[in-house]
Every structure is written in C-alpha cells, then in structure tokens.
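Okay, so here's the structure we're looking at.
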2 protein chains.
Amino acid sequence: MSEHTHPNPALHALRERWSVIADLQQSVSLLTWDARTYLGSAGHQRRARGIATLTRLRHEHLADGELGDLLADLEGTDLVGDDAALVRECRREVHRAQRLPGALVARAAQQFALAEHRWARARSDDDFASFAPVLRENFVIAREFAQALAPDTHAYDALHDQYERDSTAVDVERLFAPVRTELRDLSSEIAARGPRDDSVLRQRFDRALQARFATEVIEAFGFDPARGRLDATTHPFATGITRDDVRITTRYADDDLRVALFSTMHEAGHGIYEQYLPEAYAGTPLGGTVSLGVHESQSRLFENLIGRSLPFWEWAFDRLRAVFPHQLAGVDGPTFHRAINIVTPSFIRVEADEVTYHLHVMLRFELEQALLDGSLDVDDLPGAWNERSLAYLDVAPPDDRRGCLQDVHWAAGLIGYFPTYTIGTLLSVQLWEALRRDLGDVDGAIRRGEFSGIRTWLTERVHEQGRRATPHELTLAATGAPLSAAPFLRYVREKYGALYEL
Amino acid sequence: MSEHTHPNPALHALRERWSVIADLQQSVSLLTWDARTYLGSAGHQRRARGIATLTRLRHEHLADGELGDLLADLEGTDLVGDDAALVRECRREVHRAQRLPGALVARAAQQFALAEHRWARARSDDDFASFAPVLRENFVIAREFAQALAPDTHAYDALHDQYERDSTAVDVERLFAPVRTELRDLSSEIAARGPRDDSVLRQRFDRALQARFATEVIEAFGFDPARGRLDATTHPFATGITRDDVRITTRYADDDLRVALFSTMHEAGHGIYEQYLPEAYAGTPLGGTVSLGVHESQSRLFENLIGRSLPFWEWAFDRLRAVFPHQLAGVDGPTFHRAINIVTPSFIRVEADEVTYHLHVMLRFELEQALLDGSLDVDDLPGAWNERSLAYLDVAPPDDRRGCLQDVHWAAGLIGYFPTYTIGTLLSVQLWEALRRDLGDVDGAIRRGEFSGIRTWLTERVHEQGRRATPHELTLAATGAPLSAAPFLRYVREKYGALYEL
C-alpha cells in the first residue's frame, strides 16, 4: 500500500506503518469535513461515534509498541538529512500519543464532534445557556489533555504547544504587547477621522456569482481545483484530507460582498500550503504543515497583503465589475480599495479589518486562559466577553451569536489556538518583506494578475519545507531574522496612515 | 462507545466489538460516496489507498480470533429470538471474512475504487480500450474471491450469493425463463402498435426545478431529509452510511424529465429501506438489509408500482404542472401517465420501461457469466454486448457509452449482482399484491397523496425485519407464498394490455 520504497528496510517499514495512520487520518478528516458541510441534522450522534472510533484506532496505531521500537532502533542508526528529519518528526508524534490515554482520546473526539454540532445550533438560536454545559465539559477534557501531555507545565502552554510548537503564553504576550498598544492607538486615530462610506459593499450580491468571482481569484492565486474544492459552511475552514484533496469553505452574505470574498482568499492561502507540501513525504509528519502560525501566515498573506492591496484591485476590479455590473457602475478600483480597507470596530473576528482584527484575538487569548485556569466560570463568559469587547473595541455585541458564540474553536476543542492568528499575521508581513526583496517588482506582477512568482517563492521557502525545520528555523531561513512584530507594525502604520491621511 | 448495554456480558462484548466494525464501515461508505460525488479528479489515487486500508482494517476486525471465539462461546449458550439471530448473522459475516485473505481484500478494495474512477473517464470519453485492462483485472480478482469463498461451487454462484443469499445461477435462470419469453412476446405485440409520442417529456426542464419536485415526491413517500440527502452523480445509487445518514443520488437530463424523476423515486425506495431498518440493531448484521433482491423490491415498488401508476399521477400531476407550467400547459394526468409508460426498446437500462428493462438485465447476467468462466474475452465484450442487444432488444447501441460502458457495476467489482434487479422487481409486485389485500383502498390513498400506510406496511413486513429471516422466509411471511414470477407477469400483461389495447 505504500507509495514509497526505501533501500533502508527499517525506514521502509516505518513508511508502511505510517501509511495506515495517514489513511485513518484521511478518514477522520473526511468524516469531520462532511459533518460540517453535508451531513443531515439527525446524523451527528452516530457520526461523532464514528469519528471517536477512528481517532482511537489512529491513536492505537501511533502508540503501538512495535512502532516505538522501530523508531528507537532507527534513532540509533546514523541517518542524515530528510531521513533523520522524518524519524525525528515521527518520534515527536509517537511520544505525544504515548502520553495520552486511548480512552481520553476517544472521549475527546466524540465530545468535540458533538459539541461542534451543538454549538452550531446554539449559535443559530442565540442560546448560550444550552451550550454552556457542553463548553464546560470541553474545558474539563482540555485540562485532562494538558495534564497528560505535560504535567509539569502550565495547562495553557501544554495545549498551545500543540498548535504552535515551542511557544508559550509568555512568548505570546511578549509579541502581543507592542501590537496591542499600537493597534489601539492606530484605531483611535482612525476613529477620530470619522466614519467612511461602505455602501458600495452593502448591496445585494447573488451567491453563485460571488462564488464564481472568488473561484477565479483563488485559482489565479494557485489553488488547484483538481486537488481541492470550495463549499459553504457556517464557519469557514480549510482541511487537507490528503495532499491531493484539500478542501476549503466560505460563508456567503447576500448583503455584504466582503464576507465570502476575503474568507475565500484566506482559506485558499491555507489550501495552497496544503497542496504544495513536499510530495515525497505526503502523509508523513515530515510532509505536514509545521505550525498553525506558519499556516496562518499563508492565509493572511493571500487575504491581506495581496487581496486587500491596491495593485490587486487594479487587476481584479474590472473583473469584479464584469460580474456585478449593476452594483459597481460608476465605481473605480481605488474607491473600491478604500471601501474594503475601512477600519471600524466590529463584532465578528473573521470579518474584521486588518487593524482591529488582533484585538479580537487578544480578547480570546485572555479569556481562554481564564476559562482554563478556572478564574472565569463558563456561565460568566458572555458577560466577560462583552466587557472586554467594550474595553478593546469600544463595542459590545448585542447578542451572543455575535459575541462569545461566534467562533467554532472552543466548541471543537481547539483551546490555545487563537494566538496563532496573530502570530501568523506578523509572520505574513515579515515573509512579504523578504519576498519583495527577493522578487523585485511584485506590485507589477500583481497588477498583471501574475501570482505564480509569489506562489513559487512561498512554496520553496515554506510549503515544500514541510517539517524539516521548526517554525523558528523556517522564519530565520526565509526572512533572515527571528519572528518580530516590527514589519507588521510598519506595514499597518504605513498603509492606514496613507489611507486615512494620519 | 456502544449504544447498547446488555445483561448478557458476552452479548455486550459482541456489540462493543461490532461497533468498531460498524464505524469502519461507516468510514468506507463515506469515502466511497464522496469519491463518487465531490472528490476532485486528482484525488482518486490516495482515496483508493485510504479505502483499501480501512477495508483491510475492517476485515482484520471481522476475522479476529477473539471475535471468533466469542461467537463460538455464544453459540454454545441457549439464546433465543433476536439474540440468537444476532449471533447467527454475526457468525455468517465472520465466517465469510475468515475465508478471505486480508491482502486480497485490500487489493480488491483499491483496484475497484480506482477502476470505478477509470470507468467514469472511459465512459465519458467513450473509450472502452482504455478500460479493458482494468476490467480484466477486476474479473481476475473476482475469480480469486470466488475461489476463496467457495472453492467447490461455480465461481458465479459464489459471487452471486454475496448479493442474493441462497440463490444460484440455476435458480436465477429458472425464474428468468418465463419472464424472458413473456416480455419478448409482450414487447413485440406493443411494437406492432407503432411508436407513441413522448415529446411532452422531451423538452427543456431546469435541473433545480426537477430536483425540487423530486424532493417533494420522495419526502411524501417517507424519505426523511433529516437522516439523508440527495445529490447528483454519473450513476445513481443509494448508500446507508449509517441508519441516520442515508444518501441517494440521481442523474439529471436537461431534455428528458423521466431520467432524474424515476431514478430519484427508485433510489428513495432503497433509502427508505435503509432508514427504517431496526433501530435497536443499527450497525449490526441483524440490523442490515437482507439481500439485494429485497432491497430492489423496495426501489422498484416506489418507482414503478407507485411512481408509474395512474392514481399517483392523479395526485402528482397538478403539482408537477405548477413547477413546469409552460412545458405542461394543455396536458392532463392520464396523457402524462401514458407518456411515461411508453414501451420502446432502448440502450440504457436505468432509463428502460418496465417491459424491456429485464431484457437488459438478462443480457448482463449472461455476459458476466461468460466473462467469469473465460468463454468471453474482455476485448470481445463490446461486440458481444451489441450482438445480444440486437437479439433481445432489436437495437444495437451506437457507441460503448450507451453499450457496455453504461453501468458502473463491473467497474466497481459488483459481479453476480445484476440478477437482483429482476428478482427484486418480481418481489415488488408480489409484495404489492399482498399489501393491497391487507390495506384495502390503496389507490384511493395514493390519489390523496397519502403514502404513510404503504410505508408502514413495508416497514413492518420488510424494513424492520432486518436480517431476522432469510429472503425466502421474509417473502413467505409477507406474501404467503415463495417468490414467483406470476404476479409480475400478471401485472405487466394487465397494465400494458390496457395501455396498448392488446
């Protein structure tokens, strides 16, 4: 069944064993994708059980003693290069699995799958009370995970490390502090300029036509439709079921062109990362994405640094107007570009502008730490959310749908995940500066609708690296410096300073 | 993870073990459904590997020695009723698995999954030559299966028994002989009356509107949309992923109203069977469908005995005309009923009328026996197909798309399967006669759009039986007689005698 034969029989045996783990993962990913897209309302109970069983089987294969012995033997030999990296990354996953009891893994998988379904219902009914007991149990399980993974560290750090390796809450806070200050200053200065008119974006836009334009854009970016799809869901996401089957979703609003357009570009950035991972290591840990921060750097780069830029709209606007000639009559590219870059405090993170976005992330980062250490009770979450929203964004959501029920993450058991959105955004700008140094006239290429140079640069520095390097090593090799907030802070000050004549 | 606790600890252990097998099956079913509906063109290689791995894991769980020991112990105890039936049906599946080598099971799963994808391409390109080597390998694997399953019987019987338990090619031929004679006579008599006008059905019909009407009909039949879905595929099919997640597909023709409408009703009949299987035994062999013949009796009953009947169109026609007012202006129910019951030899089995349909099945039954025993070489299949089509149906397909490439079955490894279509049709009429005896004014209920009495009768006699009885026992209990062609022959002679004034 392996795609790969290897002169080293132990390495060959490792690949064979791992192909079973990859196929179980492929199944869990499809069962999960399908639950979010097409499964009927009464199918979720049995689906959650199926996801739990397959997750447990995958875990048993990972924690299997023979696999552990095989890896221990391989570590004793003098492997170099990719072979050594493959063994190192396999051991890392196996060690993680060995620390987790199978029963906990299965219980968590079932709970999180059902919780996500309960969340979708609670969100659509704006009924936090029905969801609170589910969310409480999610945090109970998260604490058990943290305890099993790293009993001697802070629970938050144990969980966060699963998404952002080698990063802790202290590291996150160190990165966030200057960003918080600057973004609050910047958004105050912008607010002082008074509101701007976004009515061009707030008209009726047919969904099928929105989908057609978004598809044209992401295929130009490099998203390969033969190896992926675009669907609609409550919460947009991307998932690599295999390297040749990468699925992204978006959310349509009939009365706001931004919602689907930018979330599609965002998820396409994630999808392109998954589609261009190293082919020779597909299905192995070495062939996987390296961290969620790096993942997010790809989505934010396509969404913001390309998709919200003036050169992009100099290419794209005529195309968009051809799709919506009535709505966009009498508008030009620069006007449209100003409209999509309006900065204004809002309720919904995934629809936020580049400036206020990170204040949403910080709010969540703080609340999830408090929920995890017990200093905030689940029942008090809506109040705490709204209070902090007022403090950071000067707006309090009028309901929980647009407040603490808006995001799927905690429902799906993804606790310690949110900071990766800001980490990834900082990295996206740092990569963008390096890319522009290397490639020269990037704006000119974008104005001509040529994205392959950008995609190729990212593939060589990021996608094709898989997990050969850590996120820190990858950042250093691609940009010449460790991760820093400085490029992002320069970028937002320069871009929004110009747009708002600050 | 089990949904069921049982006072007998050995039975409880059996249910626990079987829930893992059911969850693996759920995954294989979804991976397969998705490959046929939404998977991108470049995703099939890795998908086939995933299907093969999961199928092999399921097989390993089935053939596991501890499960065999548990069942042997349980058979030694004095179980009665459903407990005894559960153990009997579990042993039957385990014994089948024990006879099959795991490597063969995995090789077959991978080959058939890829072959199906190659078939879809060959069919759309009308390129039999590219598919011939794939089909040859399918028959090689089928022979190996037959040899492993039942080395002392004819290969065809060993394969056919997987779909229609306790049935052999000789049994099939005994049922088919009088049907063949009568249907060839009847279609000749009808042909002598000259062609009839079907132009009302051959207009432009919007697909979304076709889907809307078909959905209204199948939900009235009893198909539960909370526990299932309808999608579009090259070849219509139904699959019970779980009892609460039953998926059917159809194929739309823009220029022929019959294609999607009757295939949707047909697949809904299959879907309703899966949705009303015994809840308490969901995911176990006792909670499964009993044979493909019985399965097909449900699809043919809804498609033909209801869907092509005059009382049905007395209810449905006004509804259909409300959806297509322009195309159906000036047409009435009886005229429409005559149009959808036109008998005329054609190329495509799934679009054939009730009279000529079975001649398509018999052609395939004969050819698959010849391909299996080697008396027909795969390269000679197109010629043999066209020759036999001319002999049985007086028409030869103008290309292989409409000839030997039209059906998915052999591509998907389903060899020995075709006779179940006619077996099921015979049973559908026998059940229909019994149902009408029991329920009284069935036509009146249909004229009022009331199908719940019919659905409930079928659920009690067929769906909820699961595999408590064999197909023969089920037929006897539901209809008072063993399976016979006589009710079907009476039905077609009476219906088409009247329609064609013979």
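We label chains A, B, ... in the order they appear in the structure tokens, count residues from 1 in each chain, and number ligands from 1 in the order shown.
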For chain B against chain A, with a cut-off of 6 Å and counting only C-alpha atoms, what is the closest atom pair and its distance in Å to one decimal for every residue that makes the cut, ordered by chain and number, as CSV?
residue,atom,partner,partner_atom,distance
B:Asp23,CA,A:Gly50,CA,4.8
B:Gly40,CA,A:Ala226,CA,5.0
B:Ser41,CA,A:Ala226,CA,5.2
B:Ala42,CA,A:Ala226,CA,5.3
B:Gly43,CA,A:Asp244,CA,4.9
B:Gly50,CA,A:Asp23,CA,4.8
B:Ala226,CA,A:Gly40,CA,5.0
B:Arg227,CA,A:Ala42,CA,5.4
B:Gly228,CA,A:Gly40,CA,5.9
B:Asp244,CA,A:Gly43,CA,4.9
B:Asp245,CA,A:Gly43,CA,5.3
Looking only at helix (DSSP H, G or I) from DSSP on the backbone, list the matching residues of stretch 374-500 of chain B as a VMD selection string. chain B and resid 378 to 393 419 to 439 442 to 447 452 to 461 463 to 465 471 to 479 486 to 499
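Each of A:Ala352, A:Ala316, A:Ile342, A:Ala232 was checked against A:Asp197 using only C-alpha atoms; the smallest atom-to-atom distance is that of A:Ile342.
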Skip A:Asp353 itself and residues of its chain fewer than 4 positions away, then list as JSON, numbers by chain all residues within 9 Å of it, counting only C-alpha atoms. {"A": [340, 341, 342, 343, 344, 345, 346, 349, 357]}
Kindly export the residues of the current selection with C-alpha atoms, as a PDB file, in the first residue's frame.
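Printed below is result_24.pdb as written:
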ATOM      1  CA  ILE A 340     -12.632  47.291   1.538  1.00  0.00           C
ATOM      2  CA  ASN A 341      -9.984  48.795   3.823  1.00  0.00           C
ATOM      3  CA  ILE A 342     -12.342  50.720   6.055  1.00  0.00           C
ATOM      4  CA  VAL A 343     -11.220  50.348   9.679  1.00  0.00           C
ATOM      5  CA  THR A 344     -14.054  50.186  12.141  1.00  0.00           C
ATOM      6  CA  PRO A 345     -14.590  48.269  15.372  1.00  0.00           C
ATOM      7  CA  SER A 346     -16.980  45.382  14.795  1.00  0.00           C
ATOM      8  CA  ARG A 349     -13.446  38.493  14.173  1.00  0.00           C
ATOM      9  CA  TYR A 357      -8.601  42.055  13.976  1.00  0.00           C
TER      10      TYR A 357
END
Pick out the residues sitting within 12 Å of B:Ala122, and hand them over as a PyMOL selection string; count only C-alpha atoms, and ignore anything fewer than 2 positions along from it in its own chain. chain B and resi 115-120+124-135+399-402+404-408+411
Restricting the output to C-alpha atoms, write the selected residues as a PDB file, in the first residue's frame.
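Ended up saving to part33.pdb:
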ATOM      1  CA  ALA B 115     -11.413   1.071 -11.575  1.00  0.00           C
ATOM      2  CA  GLU B 116     -14.614   2.957 -10.894  1.00  0.00           C
ATOM      3  CA  HIS B 117     -12.827   6.253 -11.465  1.00  0.00           C
ATOM      4  CA  ARG B 118     -11.213   4.908 -14.664  1.00  0.00           C
ATOM      5  CA  TRP B 119     -14.632   3.691 -15.809  1.00  0.00           C
ATOM      6  CA  ALA B 120     -16.212   7.125 -15.317  1.00  0.00           C
ATOM      7  CA  SER B 124     -17.349   9.986 -20.682  1.00  0.00           C
ATOM      8  CA  ASP B 125     -14.673   9.598 -23.416  1.00  0.00           C
ATOM      9  CA  ASP B 126     -16.432   6.563 -24.963  1.00  0.00           C
ATOM     10  CA  ASP B 127     -13.083   4.769 -24.771  1.00  0.00           C
ATOM     11  CA  PHE B 128     -13.545   1.088 -23.978  1.00  0.00           C
ATOM     12  CA  ALA B 129      -9.965   0.207 -24.977  1.00  0.00           C
ATOM     13  CA  SER B 130      -8.539   2.273 -22.099  1.00  0.00           C
ATOM     14  CA  PHE B 131     -10.811   0.487 -19.648  1.00  0.00           C
ATOM     15  CA  ALA B 132     -10.391  -3.102 -20.914  1.00  0.00           C
ATOM     16  CA  PRO B 133      -7.199  -3.930 -18.927  1.00  0.00           C
ATOM     17  CA  VAL B 134      -8.802  -2.555 -15.755  1.00  0.00           C
ATOM     18  CA  LEU B 135     -11.924  -4.645 -16.315  1.00  0.00           C
ATOM     19  CA  ASP B 399     -21.311   3.542 -29.047  1.00  0.00           C
ATOM     20  CA  ASP B 400     -19.943   1.876 -25.882  1.00  0.00           C
ATOM     21  CA  ARG B 401     -21.070   4.771 -23.669  1.00  0.00           C
ATOM     22  CA  ARG B 402     -24.603   3.604 -24.355  1.00  0.00           C
ATOM     23  CA  CYS B 404     -21.116  -1.985 -22.354  1.00  0.00           C
ATOM     24  CA  LEU B 405     -19.745   1.125 -20.570  1.00  0.00           C
ATOM     25  CA  GLN B 406     -23.136   2.346 -19.324  1.00  0.00           C
ATOM     26  CA  ASP B 407     -23.208   0.591 -15.941  1.00  0.00           C
ATOM     27  CA  VAL B 408     -20.811   1.051 -13.035  1.00  0.00           C
ATOM     28  CA  ALA B 411     -16.080  -1.478 -12.758  1.00  0.00           C
TER      29      ALA B 411
END
Within stretch 75-289 of chain A, find each residue whose DSSP state, derived from the backbone, is strand (DSSP E), and express the selection as a list in words.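 Put together, the selection reads Gly228, Arg229, Leu230, Asp231, Ala232, Ala238, Thr239, Gly240, Ile241, Thr242, Asp245, Val246, Arg247, Ile248, Thr249 and Thr250 of chain A.
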